[in-house]
file protein.cif (mmCIF, C-alpha atoms)
data_final
#
loop_
_atom_site.label_atom_id
_atom_site.label_comp_id
_atom_site.auth_asym_id
_atom_site.auth_seq_id
_atom_site.Cartn_x
_atom_site.Cartn_y
_atom_site.Cartn_z
CA MET S 1 0.00 0.00 0.00
CA LYS S 2 2.77 2.38 0.94
CA LYS S 3 4.70 1.45 -2.19
CA GLY S 4 1.66 2.33 -4.35
CA MET S 5 1.25 5.68 -2.67
CA ILE S 6 4.96 6.44 -3.13
CA ARG S 7 4.77 5.56 -6.85
CA THR S 8 1.67 7.73 -7.28
CA SER S 9 3.26 10.70 -5.49
CA LEU S 10 6.48 10.34 -7.48
CA ALA S 11 4.60 10.22 -10.81
CA THR S 12 2.59 13.28 -9.83
CA PHE S 13 5.78 15.13 -8.86
CA ILE S 14 7.52 14.33 -12.17
CA PHE S 15 4.44 15.32 -14.18
CA THR S 16 4.26 18.65 -12.31
CA ILE S 17 7.94 19.38 -13.09
CA MET S 18 7.33 18.63 -16.79
CA LEU S 19 4.40 21.07 -16.90
CA LEU S 20 6.44 23.78 -15.20
CA SER S 21 9.37 23.30 -17.59
CA LEU S 22 7.09 23.49 -20.64
CA GLY S 23 5.33 26.56 -19.27
CA CYS S 24 8.58 28.41 -18.61
CA GLY S 25 10.35 27.35 -21.77
CA GLY S 26 7.93 28.94 -24.26
CA PRO S 27 8.22 32.62 -23.28
CA GLN S 28 12.04 32.42 -23.06
CA ASN S 29 12.32 31.36 -26.70
CA THR S 30 9.85 34.04 -27.76
CA ASN S 31 11.86 36.77 -26.07
CA THR S 32 15.12 35.73 -27.71
CA THR S 33 13.57 35.94 -31.15
CA GLN S 34 11.85 39.25 -30.52
CA ILE S 35 14.97 41.14 -29.38
CA PRO S 36 16.86 40.92 -32.72
CA ASN S 37 13.69 41.81 -34.62
CA SER S 38 13.13 44.90 -32.51
CA ASN S 39 16.74 45.96 -32.98
CA ALA S 40 16.45 45.55 -36.75
CA ALA S 41 13.24 47.57 -36.79
CA GLU S 42 14.90 50.39 -34.82
CA SER S 43 17.89 50.37 -37.19
CA ASN S 44 15.65 50.52 -40.26
CA SER S 45 13.57 53.37 -38.83
CA ALA S 46 16.73 55.36 -37.98
CA GLU S 47 18.11 54.87 -41.50
CA THR S 48 14.76 55.84 -43.04
CA ALA S 49 14.72 59.02 -40.95
CA ALA S 50 18.27 59.88 -42.08
CA LEU S 51 17.34 59.35 -45.73
CA ALA S 52 14.27 61.54 -45.38
CA GLY S 53 16.29 64.24 -43.62
CA ALA S 54 18.84 64.35 -46.44
CA CYS S 55 16.15 65.47 -48.88
CA SER S 56 14.32 67.88 -46.59
CA GLY S 57 14.36 71.64 -47.13
CA ASN S 58 14.65 73.77 -50.26
CA ASP S 59 18.36 74.69 -50.19
CA VAL S 60 20.02 72.47 -52.80
CA ASN S 61 23.50 73.10 -51.38
CA VAL S 62 22.41 71.89 -47.93
CA LYS S 63 20.96 68.78 -49.58
CA LYS S 64 24.26 68.26 -51.39
CA THR S 65 26.19 68.22 -48.11
CA LYS S 66 23.70 65.84 -46.48
CA VAL S 67 23.71 63.45 -49.44
CA GLU S 68 27.53 63.38 -49.49
CA GLU S 69 27.59 62.59 -45.76
CA LEU S 70 24.93 59.92 -46.16
CA ILE S 71 26.78 58.08 -48.95
CA GLN S 72 30.11 58.38 -47.11
CA LYS S 73 28.54 57.02 -43.92
CA LYS S 74 27.18 54.05 -45.86
CA ILE S 75 30.65 53.34 -47.27
CA ASP S 76 32.39 53.70 -43.88
CA ALA S 77 29.92 51.29 -42.24
CA ASP S 78 30.65 48.47 -44.73
CA PRO S 79 34.21 47.04 -44.61
CA ASP S 80 33.93 45.71 -48.18
CA LEU S 81 32.85 49.08 -49.55
CA GLU S 82 35.42 50.93 -47.47
CA ARG S 83 38.19 48.64 -48.73
CA GLN S 84 37.31 49.36 -52.38
CA TYR S 85 36.56 53.09 -52.01
CA THR S 86 38.99 55.41 -53.88
CA LYS S 87 40.82 52.34 -55.24
CA VAL S 88 38.07 50.63 -57.22
CA PHE S 89 35.21 53.14 -57.15
CA LYS S 90 34.54 56.81 -56.34
CA PHE S 91 31.54 59.11 -56.15
CA GLN S 92 30.86 62.81 -56.65
CA VAL S 93 27.72 64.80 -55.85
CA VAL S 94 27.06 67.96 -57.90
CA THR S 95 24.10 70.23 -58.51
CA GLU S 96 22.27 69.82 -61.78
CA PRO S 97 23.44 72.05 -64.64
CA GLY S 98 21.82 75.46 -64.98
CA ILE S 99 21.64 78.86 -63.33
CA ALA S 100 19.13 77.90 -60.62
CA PRO S 101 19.61 74.18 -59.86
CA GLN S 102 16.85 72.44 -57.93
CA SER S 103 18.21 68.90 -57.64
CA LEU S 104 21.43 66.90 -57.48
CA HIS S 105 23.34 64.51 -59.72
CA VAL S 106 25.37 61.67 -58.21
CA TYR S 107 28.28 60.31 -60.26
CA LEU S 108 29.43 56.76 -59.49
CA ALA S 109 32.77 55.94 -61.14
CA GLY S 110 34.62 52.67 -61.60
CA GLY S 111 33.02 49.50 -60.29
CA ILE S 112 32.31 47.50 -57.13
CA GLY S 113 33.21 43.84 -56.76
CA ASN S 114 31.30 41.16 -54.90
CA VAL S 115 33.00 39.59 -51.89
CA GLY S 116 32.02 35.94 -51.72
CA SER S 117 28.26 35.86 -51.30
CA LYS S 118 28.08 39.54 -50.30
CA TYR S 119 26.92 42.22 -52.74
CA PRO S 120 28.24 45.59 -51.51
CA PHE S 121 27.03 47.34 -54.67
CA HIS S 122 23.45 46.33 -53.88
CA ASP S 123 23.73 47.83 -50.38
CA LEU S 124 25.12 51.11 -51.72
CA ILE S 125 22.48 51.38 -54.45
CA GLN S 126 19.71 50.78 -51.90
CA ALA S 127 20.87 53.88 -50.02
CA VAL S 128 21.08 55.93 -53.23
CA LYS S 129 17.69 54.59 -54.36
CA ALA S 130 16.02 56.01 -51.26
CA ILE S 131 17.17 59.55 -52.12
CA HIS S 132 16.64 59.18 -55.88
CA LYS S 133 13.79 61.69 -56.05
CA ILE S 134 12.79 64.45 -58.43
CA LYS S 135 13.69 67.28 -56.02
CA CYS S 136 16.65 65.56 -54.38
CA VAL S 137 18.84 63.29 -56.52
CA SER S 138 17.24 63.42 -59.96
CA LYS S 139 20.06 61.55 -61.75
CA VAL S 140 22.65 58.89 -60.97
CA ILE S 141 25.31 58.68 -63.71
CA PHE S 142 27.71 55.75 -64.01
CA VAL S 143 31.05 56.77 -65.57
CA PRO S 144 34.60 55.38 -65.94
CA PHE S 145 36.92 55.62 -62.94
CA ASP S 146 39.03 58.52 -64.27
CA ALA S 147 36.00 60.64 -65.24
CA ILE S 148 35.74 62.14 -61.75
CA PRO S 149 36.37 64.35 -59.93
CA PHE S 150 35.64 67.24 -62.30
CA PRO S 151 35.11 70.95 -61.61
CA ALA S 152 31.46 71.63 -60.80
CA THR S 153 31.12 74.75 -62.95
CA THR S 154 28.36 75.66 -65.38
CA THR S 155 30.83 76.00 -68.26
CA PHE S 156 32.46 72.57 -67.80
CA VAL S 157 31.17 69.81 -70.06
CA ARG S 158 30.32 66.94 -67.75
CA PRO S 159 31.39 63.40 -68.64
CA PRO S 160 28.70 61.32 -70.34
CA GLY S 161 27.69 57.96 -68.97
CA PHE S 162 24.85 55.56 -68.27
CA GLU S 163 22.11 57.65 -66.68
CA TRP S 164 19.57 56.46 -64.12
CA PHE S 165 16.99 59.23 -63.91
CA GLY S 166 13.43 59.72 -62.76
CA CYS S 167 10.48 61.50 -64.33
CA GLU S 168 7.35 62.82 -62.70
CA ASN S 169 3.93 61.95 -64.17
CA PRO S 170 2.71 62.66 -66.79
CA ASN S 171 6.25 63.02 -68.18
CA ILE S 172 8.09 60.01 -69.56
CA PRO S 173 11.83 59.26 -70.00
CA CYS S 174 13.15 60.41 -73.39
CA PRO S 175 16.58 60.22 -75.09
CA GLY S 176 19.28 62.43 -73.61
CA GLY S 177 18.01 62.06 -70.05
CA VAL S 178 15.08 64.40 -70.73
CA CYS S 179 11.60 64.11 -69.19
CA ALA S 180 8.71 65.23 -71.40
CA PRO S 181 5.00 64.44 -71.96
CA ALA S 182 6.00 62.86 -75.27
CA CYS S 183 9.38 62.20 -76.88
CA LEU S 184 10.21 64.22 -80.02
CA ILE S 185 9.65 62.51 -83.36
CA GLY S 186 12.85 61.84 -85.30
CA SER S 187 13.60 63.00 -88.80
CA GLY S 188 13.02 59.51 -90.17
CA ASN S 189 9.24 59.93 -90.01
CA SER S 190 9.30 63.16 -92.01
CA ASN S 191 11.22 61.38 -94.77
CA GLY S 192 8.64 58.66 -94.70
CA SER S 193 5.85 61.16 -95.27
CA ASN S 194 7.70 62.56 -98.27
CA SER S 195 8.09 59.13 -99.79
CA ASN S 196 4.36 58.55 -99.40
CA SER S 197 3.47 61.77 -101.20
CA ASN S 198 5.86 60.91 -104.00
CA SER S 199 4.40 57.48 -104.41
CA GLY S 200 0.96 59.04 -104.52
CA SER S 201 1.93 61.43 -107.29
CA ASN S 202 3.49 58.60 -109.23
CA THR S 203 0.31 56.61 -108.92
CA ASN S 204 -1.76 59.51 -110.22
CA SER S 205 0.49 60.04 -113.24
CA ASN S 206 0.32 56.39 -114.07
CA SER S 207 -3.45 56.36 -113.85
CA ASN S 208 -3.66 59.37 -116.17
CA SER S 209 -1.45 57.77 -118.78
CA ASN S 210 -3.49 54.61 -118.61
CA SER S 211 -6.76 56.44 -119.02
CA ASN S 212 -5.43 58.35 -122.03
CA SER S 213 -4.20 55.23 -123.74
CA ASN S 214 -7.52 53.50 -123.12
CA SER S 215 -9.53 56.41 -124.54
CA ASN S 216 -7.39 56.49 -127.67
CA SER S 217 -7.84 52.80 -128.26
CA GLU S 218 -11.62 53.08 -128.03
CA LYS S 219 -11.91 55.66 -130.83
CA PRO S 220 -13.38 54.23 -134.07
CA LYS S 221 -10.96 53.72 -136.87
#

call {"tool": "encode", "arguments": {"input": "protein.cif", "output": "structure tokens"}}
result
Amino acid sequence: MKKGMIRTSLATFIFTIMLLSLGCGGPQNTNTTQIPNSNAAESNSAETAALAGACSGNDVNVKKTKVEELIQKKIDADPDLERQYTKVFKFQVVTEPGIAPQSLHVYLAGGIGNVGSKYPFHDLIQAVKAIHKIKCVSKVIFVPFDAIPFPATTTFVRPPGFEWFGCENPNIPCPGGVCAPACLIGSGNSNGSNSNSNSGSNTNSNSNSNSNSNSNSEKPK
């Protein structure tokens, strides 16, 4: 009898410990997974605020300074980007050409290499993409390594390159990095219209000659 009671008490005690361990184990795992997520969310919100702050205000020269600092900070925070900066790639931020510039152009020169499975170029472009706005950075131009730096004067002809630019609706991207409601029609179409008119006149002259020959043949001999 005593042995049965001891077995029952022991089984109850073990079962109670199992319940307590299961009850305490769940929340601990949940907390460990939530902490990194909250840290990542805070980091993303801080970066988003910095990106928004770089494009705030109406002074294009203040924006220029903020954008330069933002890109440099992104490079300094990534060892792979920092290792390649000035040796493999460079950047330059300038105001758009014209007397009263309203936006900025970012020149990226050279190239950026992947490091194993890491893609530093993708990380840098994500930062530039966030400030690629009509009234902030309206163009990103990719040029050869030796194309920059160049003097940011209105009289200097800037180096050409592959342009990544944005247009505001209803404008659309057109050749030469221009935004317009409709792209200009090339000279090829005007030549086409001339060829059509010529073919029409030729057709009319042929029809006249045919009608004359037919009328002459129908006259009685």

call {"tool": "resolve_selection", "arguments": {"input": "protein.cif", "expression": "the PyMOL selection byres ((chain S and resi 179) around 12)", "output": "MDAnalysis selection string"}}
result
chainID S and resid 134 138:139 165:178 180:184

call {"tool": "residues_around", "arguments": {"input": "protein.cif", "residues": "stretch 107-123 of chain S", "least_positions_apart": "4", "cutoff": "6 Å", "atoms": "all atoms listed in the file", "output": "list in words"}}
result
Val88, Phe89, Lys90, Phe91, Gln92, Val140, Ile141, Phe142, Val143, Pro144 and Phe145 of chain S

call {"tool": "atom_distance", "arguments": {"input": "protein.cif", "atom1": "atom CA of S:Gln102", "atom2": "atom CA of S:Lys64"}}
result
10.7 Å

call {"tool": "closest_residue", "arguments": {"input": "protein.cif", "among": "S:Tyr85, S:Val94, S:Ile131, S:Ile148", "to": "S:Leu70", "atoms": "all atoms listed in the file"}}
result
S:Ile131

call {"tool": "atom_distance", "arguments": {"input": "protein.cif", "atom1": "atom CA of S:Pro159", "atom2": "atom CA of S:His105"}}
result
12.1 Å

call {"tool": "residues_around", "arguments": {"input": "protein.cif", "residues": "S:Asn58", "least_positions_apart": "3", "cutoff": "9 Å", "atoms": "all atoms listed in the file", "output": "list in words"}}
result
Cys55, Asn61, Val62, Lys63, Gln102 and Lys135 of chain S

call {"tool": "decode", "arguments": {"input": "protein.cif", "residues": "stretch 141-157 of chain S", "atoms": "N, CA and C atoms", "output": "CSV table (one decimal), in the first residue's frame"}}
result
chain,number,residue,atom,x,y,z
S,141,ILE,N,24.6,58.9,-62.5
S,141,ILE,CA,25.3,58.7,-63.7
S,141,ILE,C,26.5,57.8,-63.4
S,142,PHE,N,26.6,56.7,-64.2
S,142,PHE,CA,27.7,55.7,-64.0
S,142,PHE,C,28.8,56.1,-65.1
S,143,VAL,N,30.0,56.3,-64.7
S,143,VAL,CA,31.0,56.8,-65.6
S,143,VAL,C,32.3,56.0,-65.3
S,144,PRO,N,33.3,56.0,-66.2
S,144,PRO,CA,34.6,55.4,-65.9
S,144,PRO,C,35.3,56.0,-64.7
S,145,PHE,N,36.3,55.2,-64.2
S,145,PHE,CA,36.9,55.6,-62.9
S,145,PHE,C,37.6,57.0,-63.0
S,146,ASP,N,38.3,57.3,-64.1
S,146,ASP,CA,39.0,58.5,-64.3
S,146,ASP,C,38.2,59.7,-64.7
S,147,ALA,N,36.9,59.5,-64.8
S,147,ALA,CA,36.0,60.6,-65.2
S,147,ALA,C,35.7,61.6,-64.1
S,148,ILE,N,35.9,61.2,-62.9
S,148,ILE,CA,35.7,62.1,-61.7
S,148,ILE,C,37.0,62.1,-60.9
S,149,PRO,N,37.2,63.2,-60.1
S,149,PRO,CA,36.4,64.4,-59.9
S,149,PRO,C,36.6,65.3,-61.1
S,150,PHE,N,35.6,66.2,-61.3
S,150,PHE,CA,35.6,67.2,-62.3
S,150,PHE,C,35.1,68.5,-61.7
S,151,PRO,N,35.6,69.7,-62.2
S,151,PRO,CA,35.1,71.0,-61.6
S,151,PRO,C,33.6,71.2,-61.8
S,152,ALA,N,32.9,71.5,-60.7
S,152,ALA,CA,31.5,71.6,-60.8
S,152,ALA,C,31.1,73.1,-61.2
S,153,THR,N,31.4,73.4,-62.4
S,153,THR,CA,31.1,74.7,-62.9
S,153,THR,C,30.1,74.6,-64.1
S,154,THR,N,29.4,75.7,-64.3
S,154,THR,CA,28.4,75.7,-65.4
S,154,THR,C,29.0,75.6,-66.8
S,155,THR,N,30.2,76.0,-66.9
S,155,THR,CA,30.8,76.0,-68.3
S,155,THR,C,31.5,74.7,-68.6
S,156,PHE,N,31.8,73.8,-67.6
S,156,PHE,CA,32.5,72.6,-67.8
S,156,PHE,C,31.5,71.5,-68.4
S,157,VAL,N,32.0,70.9,-69.4
S,157,VAL,CA,31.2,69.8,-70.1
S,157,VAL,C,31.3,68.5,-69.2
